[in-house]
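Structure, as structure tokens:
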Amino acid sequence: MTELAFLPSDAVAHRSELVELNIEYLTWVLTGFSSITGTSVRDMLGMDIPQYVDKGIYVRHGFTDRPPYDEVEAPKALHPIIRFMERAL
């Protein structure tokens, strides 16, 4: 039996895996939205999902890294592996 291990991700070392995971997640979420709204994923994003993920959408729109905020729902044990971001309004 294979032992399961959780490792903190490294944005540089694990880039391809993180991109693949983001594409898979967005495909799942946006396919659901598409079935509800009748709008294609491409029309929602203005591009294909892989292009959208590759653009670094949050950074491109001015988000920056920050420490966990007080109201965060994620358990403290997961904070080291979650990327918290904010954008000034």
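Ligands are numbered from 1 in the order shown, residues from 1 within each chain, and chains are lettered A, B, ... in the order they appear in the structure tokens.
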
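Summary of the local environment: counting only C-alpha atoms, residues at most 12 Å from Pro8 in chain A, other than itself and those fewer than 4 positions away along its chain, are Ala13, His14, Leu18, Ala77, Leu78, His79, Pro80, Ile81, Ile82 and Arg83 of chain A.
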
Selection file, C-alpha atoms, as an mmCIF file, in the first residue's frame:
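Saved to selection_20.cif:
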```cif
data_model
loop_
_atom_site.group_PDB
_atom_site.id
_atom_site.type_symbol
_atom_site.label_atom_id
_atom_site.label_comp_id
_atom_site.auth_asym_id
_atom_site.auth_seq_id
_atom_site.Cartn_x
_atom_site.Cartn_y
_atom_site.Cartn_z
ATOM 1 C CA ALA A 13 9.441 23.496 -7.949
ATOM 2 C CA HIS A 14 5.814 22.357 -8.291
ATOM 3 C CA LEU A 18 -0.104 23.453 -9.411
ATOM 4 C CA ALA A 77 -2.689 23.353 10.467
ATOM 5 C CA LEU A 78 -3.280 24.097 6.776
ATOM 6 C CA HIS A 79 -2.109 27.719 6.850
ATOM 7 C CA PRO A 80 1.483 26.880 5.839
ATOM 8 C CA ILE A 81 0.265 25.351 2.563
ATOM 9 C CA ILE A 82 -2.381 27.965 1.670
ATOM 10 C CA ARG A 83 -1.550 31.105 -0.243
#
```

Strand (DSSP E or B) residues, from DSSP on the backbone, in chain A, as a PyMOL selection string: chain A and resi 64-65+85-86

Include C-alpha atoms and write out the residues we just selected as a PDB file, in the first residue's frame.
```
ATOM      1  CA  THR A  64      -0.375  40.444  -3.189  1.00  0.00           C
ATOM      2  CA  ASP A  65       0.552  37.822  -0.616  1.00  0.00           C
ATOM      3  CA  MET A  85      -3.766  37.117  -0.851  1.00  0.00           C
ATOM      4  CA  GLU A  86      -5.357  40.568  -0.729  1.00  0.00           C
TER       5      GLU A  86
END
```

For Thr31 in chain A, the nearest of the candidates A:Leu7, A:Val53, A:Val19, A:Leu45, counting only C-alpha atoms: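 So, comparing all the options, the nearest one is A:Leu45.
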
CA of Tyr25 in chain A to CA of Thr37 in chain A, straight-line distance in Å: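 A separation of 18.4 Å between them.
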
Secondary structure check, helix (DSSP H, G or I) residues of chain A, as a PyMOL selection string: chain A and resi 15-37+41-45+49-54+57-60+76-81

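Residue nearest Ser9 in chain A, chosen from A:Tyr52, A:Leu30, A:Leu21, A:Glu73 and counting only C-alpha atoms: A:Leu21.
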
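If you measure from each of A:Ala11, A:Ile23, A:Met1, A:Leu89 to His61 in chain A using only C-alpha atoms, the closest one turns out to be A:Leu89.
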